[in-house]
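Participant: See my_file_24.txt below, with compact mmCIF, C-alpha atoms.
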# COMPACT_ATOMS: atom_id res chain seq x y z
CA MET A 1 14.92 22.88 -11.17
CA PRO A 2 12.29 20.76 -13.03
CA PRO A 3 8.66 21.65 -12.39
CA ASP A 4 6.62 19.70 -9.86
CA ARG A 5 4.97 17.02 -11.87
CA THR A 6 2.41 16.52 -9.14
CA THR A 7 1.28 20.12 -9.05
CA GLN A 8 0.94 21.18 -12.66
CA LYS A 9 -2.87 21.20 -12.58
CA PRO A 10 -4.92 23.69 -10.58
CA VAL A 11 -6.55 22.58 -7.37
CA THR A 12 -10.03 21.21 -8.01
CA ALA A 13 -12.91 21.14 -5.60
CA ALA A 14 -12.63 17.39 -5.19
CA PRO A 15 -10.29 14.50 -5.69
CA GLN A 16 -10.38 12.35 -8.77
CA LEU A 17 -11.98 8.95 -8.53
CA VAL A 18 -9.80 6.47 -10.32
CA THR A 19 -10.11 2.74 -10.59
CA GLU A 20 -7.33 0.20 -10.41
CA GLY A 21 -5.21 1.23 -13.35
CA PRO A 22 -3.85 4.44 -14.90
CA ALA A 23 -5.07 7.62 -13.27
CA ARG A 24 -7.65 9.39 -15.46
CA PRO A 25 -9.11 12.88 -15.12
CA ALA A 26 -12.45 13.07 -13.38
CA ALA A 27 -14.89 15.81 -12.55
CA PRO A 28 -15.62 16.97 -9.01
CA TRP A 29 -17.97 14.61 -7.18
CA GLY A 30 -18.93 16.14 -3.85
CA THR A 31 -17.02 18.80 -1.95
CA TRP A 32 -18.23 17.66 1.46
CA THR A 33 -17.07 14.11 0.72
CA VAL A 34 -13.65 15.43 -0.21
CA ARG A 35 -13.36 17.39 3.02
CA LEU A 36 -14.36 14.35 5.08
CA MET A 37 -11.83 12.22 3.22
CA ILE A 38 -9.08 14.71 3.98
CA LEU A 39 -10.18 14.78 7.63
CA GLY A 40 -10.26 10.99 7.69
CA ILE A 41 -6.76 10.74 6.22
CA VAL A 42 -5.42 13.24 8.77
CA LEU A 43 -7.09 11.50 11.73
CA ALA A 44 -5.91 8.08 10.54
CA ALA A 45 -2.36 9.41 10.20
CA LEU A 46 -2.51 10.84 13.73
CA ASN A 47 -3.11 7.28 14.99
CA LEU A 48 -0.29 5.52 13.15
CA ARG A 49 2.32 5.90 15.91
CA PRO A 50 0.81 6.69 19.37
CA ALA A 51 0.49 2.94 20.03
CA ILE A 52 4.30 2.79 19.80
CA THR A 53 5.56 6.09 21.22
CA SER A 54 3.16 6.10 24.18
CA LEU A 55 4.66 2.75 25.14
CA GLY A 56 8.19 4.07 24.65
CA ALA A 57 7.55 6.90 27.10
CA LEU A 58 6.43 4.40 29.79
CA PHE A 59 8.66 1.53 28.79
CA GLU A 60 10.41 1.19 32.15
CA GLU A 61 7.08 1.14 34.01
CA VAL A 62 5.60 -1.45 31.64
CA ARG A 63 8.70 -3.64 31.89
CA THR A 64 8.54 -3.55 35.67
CA GLY A 65 4.77 -4.04 35.80
CA LEU A 66 4.81 -7.07 33.52
CA GLY A 67 8.14 -8.46 34.76
CA MET A 68 9.96 -8.36 31.42
CA SER A 69 13.66 -9.05 30.92
CA GLY A 70 15.74 -6.93 28.56
CA SER A 71 15.47 -9.52 25.79
CA ILE A 72 11.68 -9.80 26.13
CA ALA A 73 11.48 -6.01 26.14
CA GLY A 74 13.52 -6.02 22.94
CA LEU A 75 10.97 -8.44 21.47
CA LEU A 76 8.22 -6.00 22.40
CA THR A 77 9.95 -3.21 20.47
CA ALA A 78 10.25 -5.57 17.49
CA VAL A 79 6.53 -6.37 17.44
CA PRO A 80 5.50 -3.29 15.39
CA PRO A 81 7.66 -4.01 12.33
CA LEU A 82 6.91 -7.74 12.65
CA CYS A 83 3.16 -7.10 12.54
CA PHE A 84 3.58 -4.70 9.65
CA ALA A 85 5.56 -7.32 7.73
CA LEU A 86 2.99 -10.05 8.40
CA PHE A 87 -0.17 -8.10 7.62
CA SER A 88 0.99 -5.86 4.75
CA PRO A 89 0.95 -8.61 2.05
CA ALA A 90 -2.81 -9.07 2.53
CA VAL A 91 -3.59 -5.42 1.86
CA PRO A 92 -3.77 -5.52 -1.98
CA TRP A 93 -6.37 -8.30 -1.82
CA LEU A 94 -8.32 -6.51 0.93
CA SER A 95 -8.21 -3.27 -1.08
CA ARG A 96 -9.54 -4.98 -4.21
CA ARG A 97 -12.21 -6.91 -2.31
CA PHE A 98 -13.57 -4.18 -0.05
CA GLY A 99 -12.06 -0.91 -1.27
CA PRO A 100 -9.25 1.04 0.43
CA ALA A 101 -11.58 3.34 2.40
CA THR A 102 -13.41 0.38 3.96
CA VAL A 103 -10.14 -1.29 4.93
CA VAL A 104 -8.82 1.91 6.53
CA CYS A 105 -12.08 2.28 8.49
CA ALA A 106 -11.75 -1.29 9.78
CA GLY A 107 -8.08 -0.65 10.52
CA MET A 108 -8.86 2.33 12.73
CA ALA A 109 -11.46 0.24 14.58
CA ALA A 110 -8.80 -2.42 15.20
CA VAL A 111 -6.40 0.22 16.52
CA ALA A 112 -9.03 1.52 18.94
CA GLY A 113 -9.86 -1.98 20.16
CA GLY A 114 -6.25 -3.02 20.63
CA LEU A 115 -5.30 0.14 22.50
CA LEU A 116 -8.32 -0.24 24.76
CA LEU A 117 -7.54 -3.88 25.63
CA ARG A 118 -3.75 -3.68 25.86
CA PRO A 119 -3.25 -1.81 29.16
CA PHE A 120 -5.57 -4.11 31.07
CA SER A 121 -3.88 -7.36 30.09
CA ASP A 122 -2.63 -9.36 33.05
CA GLY A 123 0.56 -10.69 31.49
CA THR A 124 3.05 -10.25 28.70
CA ALA A 125 1.20 -12.60 26.30
CA GLY A 126 -2.05 -10.67 26.57
CA PHE A 127 -0.22 -7.37 26.24
CA LEU A 128 1.49 -8.59 23.06
CA ALA A 129 -1.78 -9.94 21.60
CA ALA A 130 -3.65 -6.68 22.17
CA SER A 131 -0.68 -4.75 20.76
CA ALA A 132 -0.76 -6.99 17.68
CA LEU A 133 -4.44 -6.17 17.11
CA ALA A 134 -3.73 -2.44 17.17
CA LEU A 135 -0.65 -2.87 15.01
CA MET A 136 -2.61 -4.90 12.47
CA GLY A 137 -4.89 -1.90 11.98
CA ILE A 138 -1.88 0.38 11.70
CA ALA A 139 -0.25 -1.96 9.17
CA VAL A 140 -3.12 -1.93 6.68
CA THR A 141 -3.51 1.83 7.03
CA ASN A 142 0.24 2.32 6.54
CA VAL A 143 0.09 0.54 3.20
CA LEU A 144 -3.09 2.23 2.00
CA MET A 145 -2.13 5.83 2.75
CA PRO A 146 -0.09 6.23 -0.47
CA VAL A 147 -2.83 4.33 -2.31
CA LEU A 148 -5.60 6.67 -1.12
CA VAL A 149 -3.54 9.67 -2.17
CA LYS A 150 -2.70 8.25 -5.60
CA ARG A 151 -6.26 7.08 -6.20
CA TYR A 152 -8.27 10.07 -5.04
CA PHE A 153 -5.72 12.92 -5.23
CA PRO A 154 -3.51 12.00 -8.22
CA ASP A 155 -2.68 15.65 -8.98
CA ARG A 156 -1.61 16.38 -5.40
CA VAL A 157 0.62 13.45 -4.45
CA GLY A 158 3.34 15.64 -2.91
CA SER A 159 0.96 17.92 -1.01
CA MET A 160 -1.28 15.17 0.34
CA THR A 161 1.67 12.96 1.27
CA GLY A 162 3.12 15.93 3.13
CA LEU A 163 -0.19 16.52 4.90
CA TYR A 164 -0.64 13.00 6.24
CA SER A 165 3.07 12.65 6.99
CA MET A 166 2.84 15.83 9.03
CA ALA A 167 -0.20 14.49 10.87
CA LEU A 168 1.63 11.20 11.48
CA SER A 169 4.58 13.06 13.00
CA LEU A 170 2.25 15.22 15.08
CA GLY A 171 0.51 12.17 16.54
CA THR A 172 3.87 10.51 17.20
CA GLY A 173 5.27 13.50 19.04
CA LEU A 174 2.05 14.19 20.93
CA ALA A 175 1.95 10.67 22.34
CA ALA A 176 5.62 10.84 23.32
CA ALA A 177 5.27 14.20 25.08
CA ALA A 178 1.85 13.83 26.69
CA THR A 179 1.80 10.23 27.90
CA VAL A 180 3.92 10.74 31.04
CA PRO A 181 2.13 13.95 32.18
CA LEU A 182 -1.27 12.34 31.54
CA THR A 183 -0.20 9.27 33.47
CA ASP A 184 0.91 11.43 36.40
CA ALA A 185 -2.40 13.30 36.29
CA LEU A 186 -4.25 9.99 36.48
CA GLY A 187 -2.44 8.95 39.64
CA GLY A 188 0.61 7.33 38.07
CA SER A 189 -1.16 4.34 36.51
CA TRP A 190 0.67 3.38 33.32
CA ARG A 191 -2.37 1.32 32.33
CA LEU A 192 -4.64 4.36 32.22
CA GLY A 193 -1.93 6.43 30.57
CA LEU A 194 -1.68 3.96 27.70
CA GLY A 195 -5.42 3.30 27.45
CA LEU A 196 -6.29 6.95 26.85
CA TRP A 197 -4.97 6.77 23.28
CA ALA A 198 -7.82 4.44 22.30
CA THR A 199 -10.08 7.52 22.31
CA LEU A 200 -8.17 9.21 19.51
CA ALA A 201 -8.38 6.05 17.39
CA ALA A 202 -12.13 5.76 17.98
CA VAL A 203 -12.62 9.33 16.73
CA ALA A 204 -10.67 8.46 13.56
CA VAL A 205 -13.27 5.84 12.62
CA LEU A 206 -16.12 8.36 12.33
CA PRO A 207 -15.33 10.22 9.07
CA TRP A 208 -14.68 6.95 7.25
CA LEU A 209 -18.07 5.62 8.29
CA VAL A 210 -19.65 8.67 6.66
CA VAL A 211 -17.71 8.64 3.36
CA LEU A 212 -18.06 4.92 2.62
CA ARG A 213 -21.54 5.25 1.09
CA PRO A 214 -20.77 8.05 -1.39
CA LEU A 215 -17.51 6.36 -2.37
CA ARG A 216 -19.28 3.11 -3.12
CA ALA A 217 -22.09 4.91 -4.94
CA ALA A 218 -19.60 6.77 -7.13
CA GLU A 219 -17.92 3.54 -8.13
CA ARG A 220 -21.26 1.89 -9.01
CA ARG A 221 -22.54 4.59 -11.35
CA PRO A 222 -24.16 3.12 -14.48
CA GLN A 223 -21.86 3.20 -17.47
CA THR A 224 -22.86 4.73 -20.79
CA ALA A 225 -19.49 4.88 -22.51
CA GLU A 226 -17.91 2.34 -24.80
CA PRO A 227 -16.15 -0.57 -23.09
CA GLY A 228 -12.78 0.48 -21.79
CA GLN A 229 -13.65 4.18 -21.85
CA PRO A 230 -14.50 6.38 -18.84
CA SER A 231 -18.08 7.49 -18.45
CA VAL A 232 -19.40 10.40 -16.40
CA ALA A 233 -22.52 10.15 -14.26
CA ARG A 234 -24.25 13.02 -12.56
CA SER A 235 -25.59 13.04 -9.03
CA GLY A 236 -28.67 14.85 -7.88
CA ALA A 237 -26.53 17.70 -6.60
CA GLY A 238 -25.09 18.29 -10.02
CA ASN A 239 -21.71 16.77 -9.21
CA THR A 240 -20.09 14.30 -11.55
CA ALA A 241 -18.27 11.08 -10.87
CA LEU A 242 -16.01 8.98 -13.00
CA ALA A 243 -17.08 5.43 -13.67
CA VAL A 244 -15.31 2.83 -15.77
CA THR A 245 -16.80 -0.21 -17.39
CA PRO A 246 -15.76 -3.69 -16.30
CA ALA A 247 -13.68 -4.00 -19.45
CA ALA A 248 -11.46 -1.24 -18.08
CA THR A 249 -11.39 -2.39 -14.48
CA ALA A 250 -10.57 -6.03 -15.19
CA PRO A 251 -8.09 -6.09 -18.06
CA ALA A 252 -6.79 -9.48 -19.04
CA ARG A 253 -3.16 -8.56 -18.66
CA ARG A 254 -0.25 -10.39 -17.14
CA ALA A 255 1.46 -8.35 -14.43
CA ALA A 256 5.21 -8.61 -14.34
CA SER A 257 6.82 -9.44 -11.03
CA LEU A 258 8.24 -6.70 -8.84
CA LEU A 259 11.04 -9.09 -8.03
CA ARG A 260 12.65 -8.04 -11.31
CA SER A 261 12.69 -4.35 -10.40
CA PRO A 262 15.98 -2.98 -8.97
CA THR A 263 14.13 0.17 -7.93
CA ALA A 264 11.57 -1.84 -5.96
CA TRP A 265 14.34 -3.70 -4.14
CA ALA A 266 16.33 -0.54 -3.43
CA LEU A 267 13.22 1.22 -2.12
CA THR A 268 12.37 -1.82 -0.02
CA GLY A 269 15.84 -1.88 1.54
CA TYR A 270 15.71 1.86 2.20
CA PHE A 271 12.26 1.56 3.74
CA GLY A 272 13.32 -1.38 5.91
CA LEU A 273 16.47 0.26 7.26
CA GLN A 274 14.77 3.57 8.02
CA GLY A 275 12.04 1.56 9.75
CA ALA A 276 14.63 -0.32 11.80
CA GLY A 277 16.10 2.98 12.95
CA GLY A 278 12.73 4.58 13.56
CA TYR A 279 11.30 1.78 15.70
CA THR A 280 14.54 1.45 17.63
CA VAL A 281 14.39 5.17 18.38
CA MET A 282 10.73 5.05 19.42
CA GLY A 283 11.26 2.02 21.63
CA TRP A 284 14.68 2.66 23.16
CA ILE A 285 15.70 6.33 22.99
CA PRO A 286 13.81 7.33 26.16
CA GLN A 287 15.57 4.52 28.01
CA ILE A 288 18.97 5.57 26.64
CA PHE A 289 18.44 9.07 28.00
CA ARG A 290 17.07 7.80 31.33
CA ASP A 291 20.09 5.54 31.81
CA ALA A 292 22.28 8.60 31.15
CA GLY A 293 20.68 10.40 34.09
CA VAL A 294 17.82 12.24 32.36
CA SER A 295 14.44 12.23 34.14
CA ALA A 296 11.53 10.20 32.75
CA ARG A 297 9.55 13.32 31.85
CA THR A 298 12.51 14.93 30.07
CA ALA A 299 13.26 11.67 28.24
CA GLY A 300 9.68 11.66 26.99
CA LEU A 301 10.06 15.27 25.87
CA LEU A 302 13.27 14.41 24.02
CA LEU A 303 11.43 11.66 22.16
CA ALA A 304 8.67 14.17 21.46
CA VAL A 305 11.23 16.58 19.98
CA ILE A 306 12.54 13.82 17.72
CA MET A 307 9.05 13.09 16.50
CA ALA A 308 7.79 16.69 16.43
CA LEU A 309 10.49 17.66 13.95
CA GLY A 310 8.60 15.51 11.52
CA VAL A 311 5.62 17.88 11.63
CA PRO A 312 7.16 20.67 9.51
CA LEU A 313 9.72 18.49 7.76
CA ALA A 314 7.22 15.78 6.85
CA PHE A 315 5.22 18.43 5.03
CA ALA A 316 8.18 20.11 3.37
CA ILE A 317 10.24 17.07 2.36
CA PRO A 318 7.59 15.33 0.20
CA ARG A 319 6.86 18.58 -1.63
CA LEU A 320 10.57 19.13 -2.27
CA ALA A 321 11.04 15.49 -3.28
CA ALA A 322 8.17 15.72 -5.76
CA ARG A 323 9.88 18.67 -7.46
CA LEU A 324 13.15 16.82 -7.94
CA ARG A 325 13.86 14.21 -10.57
CA ASN A 326 16.33 12.53 -8.21
CA GLN A 327 15.74 12.32 -4.45
CA GLY A 328 19.27 11.05 -3.68
CA PRO A 329 20.56 14.36 -2.26
CA ILE A 330 17.72 14.45 0.30
CA VAL A 331 18.53 10.86 1.28
CA ALA A 332 22.17 11.78 1.89
CA VAL A 333 21.42 14.86 4.00
CA LEU A 334 19.00 12.95 6.25
CA GLY A 335 21.47 10.09 6.70
CA LEU A 336 24.36 12.38 7.60
CA CYS A 337 22.21 14.09 10.25
CA GLY A 338 21.54 10.67 11.76
CA LEU A 339 25.23 9.82 11.85
CA GLY A 340 25.93 13.10 13.67
CA GLY A 341 23.18 12.46 16.19
CA TYR A 342 24.27 8.93 17.03
CA THR A 343 27.89 9.99 17.32
CA GLY A 344 26.93 12.60 19.89
CA LEU A 345 24.67 10.13 21.67
CA TYR A 346 27.60 7.72 21.97
CA PHE A 347 30.05 10.22 23.49
CA ALA A 348 27.84 12.61 25.49
CA PRO A 349 24.25 11.37 25.75
CA ALA A 350 23.14 13.69 28.56
CA ALA A 351 25.31 16.77 27.94
CA GLY A 352 24.14 17.27 24.36
CA ALA A 353 20.79 15.51 24.63
CA TRP A 354 18.73 18.21 22.92
CA ALA A 355 21.17 18.58 20.02
CA TRP A 356 21.28 14.82 19.43
CA ALA A 357 17.47 14.68 19.56
CA LEU A 358 17.27 17.36 16.88
CA LEU A 359 19.70 15.57 14.56
CA ILE A 360 18.05 12.19 15.02
CA GLY A 361 14.65 13.82 14.49
CA VAL A 362 15.79 15.13 11.10
CA ALA A 363 17.12 11.68 10.17
CA ASN A 364 13.77 10.10 11.08
CA CYS A 365 12.15 12.09 8.27
CA ALA A 366 13.38 9.37 5.95
CA PHE A 367 9.94 7.82 6.50
CA PRO A 368 7.85 10.48 4.67
CA LEU A 369 10.53 10.59 2.00
CA ALA A 370 10.18 6.83 1.49
CA LEU A 371 6.40 7.15 1.27
CA THR A 372 6.75 9.90 -1.32
CA MET A 373 9.10 7.78 -3.43
CA ILE A 374 6.59 4.91 -3.33
CA GLY A 375 4.07 7.23 -4.98
CA MET A 376 6.61 8.49 -7.51
CA ARG A 377 8.12 5.18 -8.59
CA SER A 378 4.92 3.98 -10.26
CA ARG A 379 2.66 5.56 -12.87
CA THR A 380 -0.61 3.97 -11.78
CA ALA A 381 -2.75 3.42 -8.69
CA THR A 382 -2.43 -0.34 -9.21
CA GLY A 383 1.33 -0.07 -9.35
CA VAL A 384 1.41 2.01 -6.20
CA VAL A 385 -0.65 -0.47 -4.17
CA ARG A 386 1.61 -3.31 -5.30
CA LEU A 387 4.79 -1.38 -4.68
CA SER A 388 3.52 -0.11 -1.32
CA ALA A 389 2.59 -3.61 -0.14
CA PHE A 390 5.85 -5.13 -1.41
CA THR A 391 8.02 -2.36 0.02
CA GLN A 392 6.36 -2.39 3.41
CA SER A 393 5.92 -6.13 3.87
CA VAL A 394 9.50 -7.03 2.92
CA GLY A 395 10.89 -3.79 4.34
CA TYR A 396 9.43 -4.38 7.76
CA LEU A 397 10.90 -7.89 7.78
CA ILE A 398 14.27 -6.20 7.41
CA ALA A 399 13.39 -3.91 10.33
CA VAL A 400 12.20 -6.64 12.71
CA PRO A 401 15.57 -7.92 14.05
CA VAL A 402 17.11 -4.55 14.83
CA PRO A 403 15.08 -3.42 17.89
CA LEU A 404 15.33 -6.96 19.25
CA LEU A 405 19.09 -7.05 18.67
CA VAL A 406 19.44 -3.68 20.40
CA GLY A 407 17.71 -5.12 23.47
CA VAL A 408 19.96 -8.19 23.48
CA LEU A 409 23.13 -6.12 23.08
CA TYR A 410 22.00 -3.79 25.85
CA GLN A 411 21.31 -6.66 28.24
CA HIS A 412 24.54 -8.57 27.57
CA SER A 413 26.97 -5.66 27.17
CA GLY A 414 25.66 -3.73 30.15
CA GLY A 415 25.61 -0.41 28.29
CA TRP A 416 24.51 1.47 25.19
CA GLY A 417 27.82 1.67 23.30
CA LEU A 418 27.28 -1.36 21.06
CA PRO A 419 23.57 -0.68 20.38
CA ILE A 420 24.27 2.93 19.38
CA SER A 421 27.13 1.81 17.14
CA LEU A 422 24.79 -0.63 15.43
CA MET A 423 22.17 2.08 14.87
CA ALA A 424 24.78 4.40 13.36
CA GLY A 425 26.33 1.70 11.19
CA LEU A 426 23.01 0.81 9.56
CA LEU A 427 22.73 4.34 8.22
CA VAL A 428 25.52 3.66 5.69
CA PRO A 429 23.64 1.03 3.63
CA GLN A 430 20.46 3.03 4.17
CA ILE A 431 21.98 6.02 2.40
CA ALA A 432 23.32 3.88 -0.44
CA LEU A 433 19.98 2.17 -1.07
CA GLY A 434 18.08 5.45 -0.80
CA VAL A 435 20.26 7.03 -3.48
CA LEU A 436 19.48 4.10 -5.79
CA ALA A 437 15.75 4.29 -5.01
CA GLY A 438 15.73 8.03 -5.66
CA ARG A 439 16.63 7.73 -9.34
CA ASP A 440 14.03 8.96 -11.85
CA ARG A 441 12.48 5.70 -13.04
CA THR A 442 9.35 3.62 -12.47
CA ILE A 443 8.66 -0.03 -11.81
CA GLU A 444 6.72 -0.19 -15.08
CA ASP A 445 9.87 0.79 -16.97
CA GLU A 446 11.86 -2.00 -15.33
CA THR A 447 9.31 -4.84 -15.36
CA GLY A 448 7.01 -4.12 -18.28
CA MET A 449 4.09 -4.10 -15.82
CA ARG A 450 0.89 -2.90 -17.48
CA ASP A 451 -2.35 -2.16 -15.64
Would you mind writing the structure in this file as structure tokens?
Facilitator:
Amino acid sequence: MPPDRTTQKPVTAAPQLVTEGPARPAAPWGTWTVRLMILGIVLAALNLRPAITSLGALFEEVRTGLGMSGSIAGLLTAVPPLCFALFSPAVPWLSRRFGPATVVCAGMAAVAGGLLLRPFSDGTAGFLAASALALMGIAVTNVLMPVLVKRYFPDRVGSMTGLYSMALSLGTGLAAAATVPLTDALGGSWRLGLGLWATLAAVAVLPWLVVLRPLRAAERRPQTAEPGQPSVARSGAGNTALAVTPAATAPARRAASLLRSPTAWALTGYFGLQGAGGYTVMGWIPQIFRDAGVSARTAGLLLAVIMALGVPLAFAIPRLAARLRNQGPIVAVLGLCGLGGYTGLYFAPAAGAWAWALLIGVANCAFPLALTMIGMRSRTATGVVRLSAFTQSVGYLIAVPVPLLVGVLYQHSGGWGLPISLMAGLLVPQIALGVLAGRDRTIEDETGMRD
């Protein structure tokens, strides 16, 4: 097995500060800042799905409380990927203008505000608007997670991707499992049960507020090197930071279009189809189990099992993927697990509920695998931010219709047979595209992109 190209260097006391462009070695620049950045990444990742899975656990109560039809409810489940598709294209500009850490801090603030306002909206329109605010914050953070890892932890892409993917899965499962019991403890008010998750998002803002100043200071160090060469500046504490002259940060180069990259398109299709499956599961699986005779609390726990499997697997899969030259075999195994889970869900949803939840939970780990491949299919931080934005903006457009179509099929067919068949059928092209995206090549090789 080839060595892990992301783990050949020993662990340093701090991440490496790299500018837009090829990753360059840098000296440690503040251990406490590094620890706060890791904490900030973990807390941000914890908040990337509770807005969705907490709603899934109380979906029937929200539908009844707001008077939604099945089609409108399907639209609600399609809002997350729609928001991600709409807001993701702006992230590269925001990252260049304000810096990725600043954008993530603002994103977490938007999540907290949206989750606080959403439960107390009087109608469907207000509920959707507040949800969109929270999802906007999630969208920009989604795109920037691989960027933060590539930029500040270039020698630990697999490990750091596994860490935040694990935290993402933990937050997803926690919201699915705890929302119904918390709602019951608060007297059965679904509004209070949903609103509680704003607290977790507010906590996630705090470490980013602290690290913004040292990050900005490190990037403004005076340069003493020749133009285009890295220079090292020392802080009062004896730490060093990498700075690059404007000649290096603003090269007059023409970037080739990602539209010419087969790998970018394959990765985008894979990301979009796994997103379609993931958001359909988060929005509809509890209802599928409830309609099969499972209690609301058990349905929430089944969703939690699906998401909780991502905690260990989201840490292990990126590390394994980073050690392989071709990630196609992992893609195939995850897809086959999904096909097994949906087949069981079609024929015996209640009798084998826990087994189907386990298989679908394994299949849902296509998300951390896709994130890992985004980091591996480009050589530079600039390439990663472009590929991440392209993959997620176009990919989520692919995902948008599926949860909505599931709701329409459910309402007009009167059962879950057709929706489950659709969810299973989409796994076939997902596997094919994932195998293509998993090949050992980069977007720079295919487009001639230089940055």
Participant: With only C-alpha atoms as the atoms that count, which of A:Ile317, A:Leu86, A:Val140, A:Leu359 lies nearest to A:Ala106?
Facilitator: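 Answer, going by the shortest atom-to-atom distance: A:Val140.
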Participant: Would you compute the distance between atom CA of A:Val408 and atom CA of A:Leu422? Give it in Å to one decimal.
Facilitator: 12.1 Å
Participant: Around stretch 157-176 of chain A, fit a box with edges along x, y and z, padding it by 4 Å on each side, then list its centre and edge lengths in Å to one decimal as JSON.
Facilitator:
{"center_x": 2.2, "center_y": 14.2, "center_z": 9.4, "size_x": 14.9, "size_y": 15.4, "size_z": 35.8}
Participant: Which residue is closest to A:Arg118? Choose from A:Pro207, A:Gly195, A:Gly162, A:Gly137 and count only C-alpha atoms.
Facilitator: A:Gly195
Participant: Pick from A:Leu200, A:Leu369, A:Leu58, A:Leu206: nearest to A:Ala437, with all atoms listed in the file counted?
Facilitator: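 That would be A:Leu369, the residue with the smallest distance to A:Ala437.
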Participant: From the set A:Gln274, A:Ser261, A:Thr141, A:Ser393, which residue has the shortest atom-to-atom contact distance to A:Ser95, counting only C-alpha atoms?
Facilitator: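 Nearest candidate to A:Ser95 out of A:Gln274, A:Ser261, A:Thr141, A:Ser393: A:Thr141.
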Participant: Please list as a count of residues only every residue within 12 Å of A:Gly415, counting only C-alpha atoms and excluding residues in the same chain fewer than 4 positions away.
Facilitator: 16
Participant: Find the distance between atom CA of A:Ala389 and atom CA of A:Thr161 and write it in Å to one decimal.
Facilitator: 16.7 Å
Participant: With 9 Å as the cut-off and all atoms listed in the file counted, what is the closest atom pair between each nearby residue of stretch 335-444 of chain A and stretch 307-312 of chain A? Distances in Å to one decimal, ordered by chain and number, as a tab-separated table.
Facilitator:
residue	atom	partner	partner_atom	distance
A:Leu358	CA	A:Leu309	CA	7.4
A:Gly361	CA	A:Leu309	CA	5.7
A:Val362	CA	A:Leu309	CA	6.5
A:Asn364	CA	A:Gly310	CA	7.5
A:Cys365	CA	A:Gly310	CA	5.9
A:Pro368	CA	A:Gly310	CA	8.5
Participant: Work out how far apart atom CA of A:Ala178 and atom CA of A:Ala198 are and give it in Å to one decimal.
Facilitator: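 Computing the Euclidean distance for atom CA of A:Ala178 and atom CA of A:Ala198 yields 14.2 Å.
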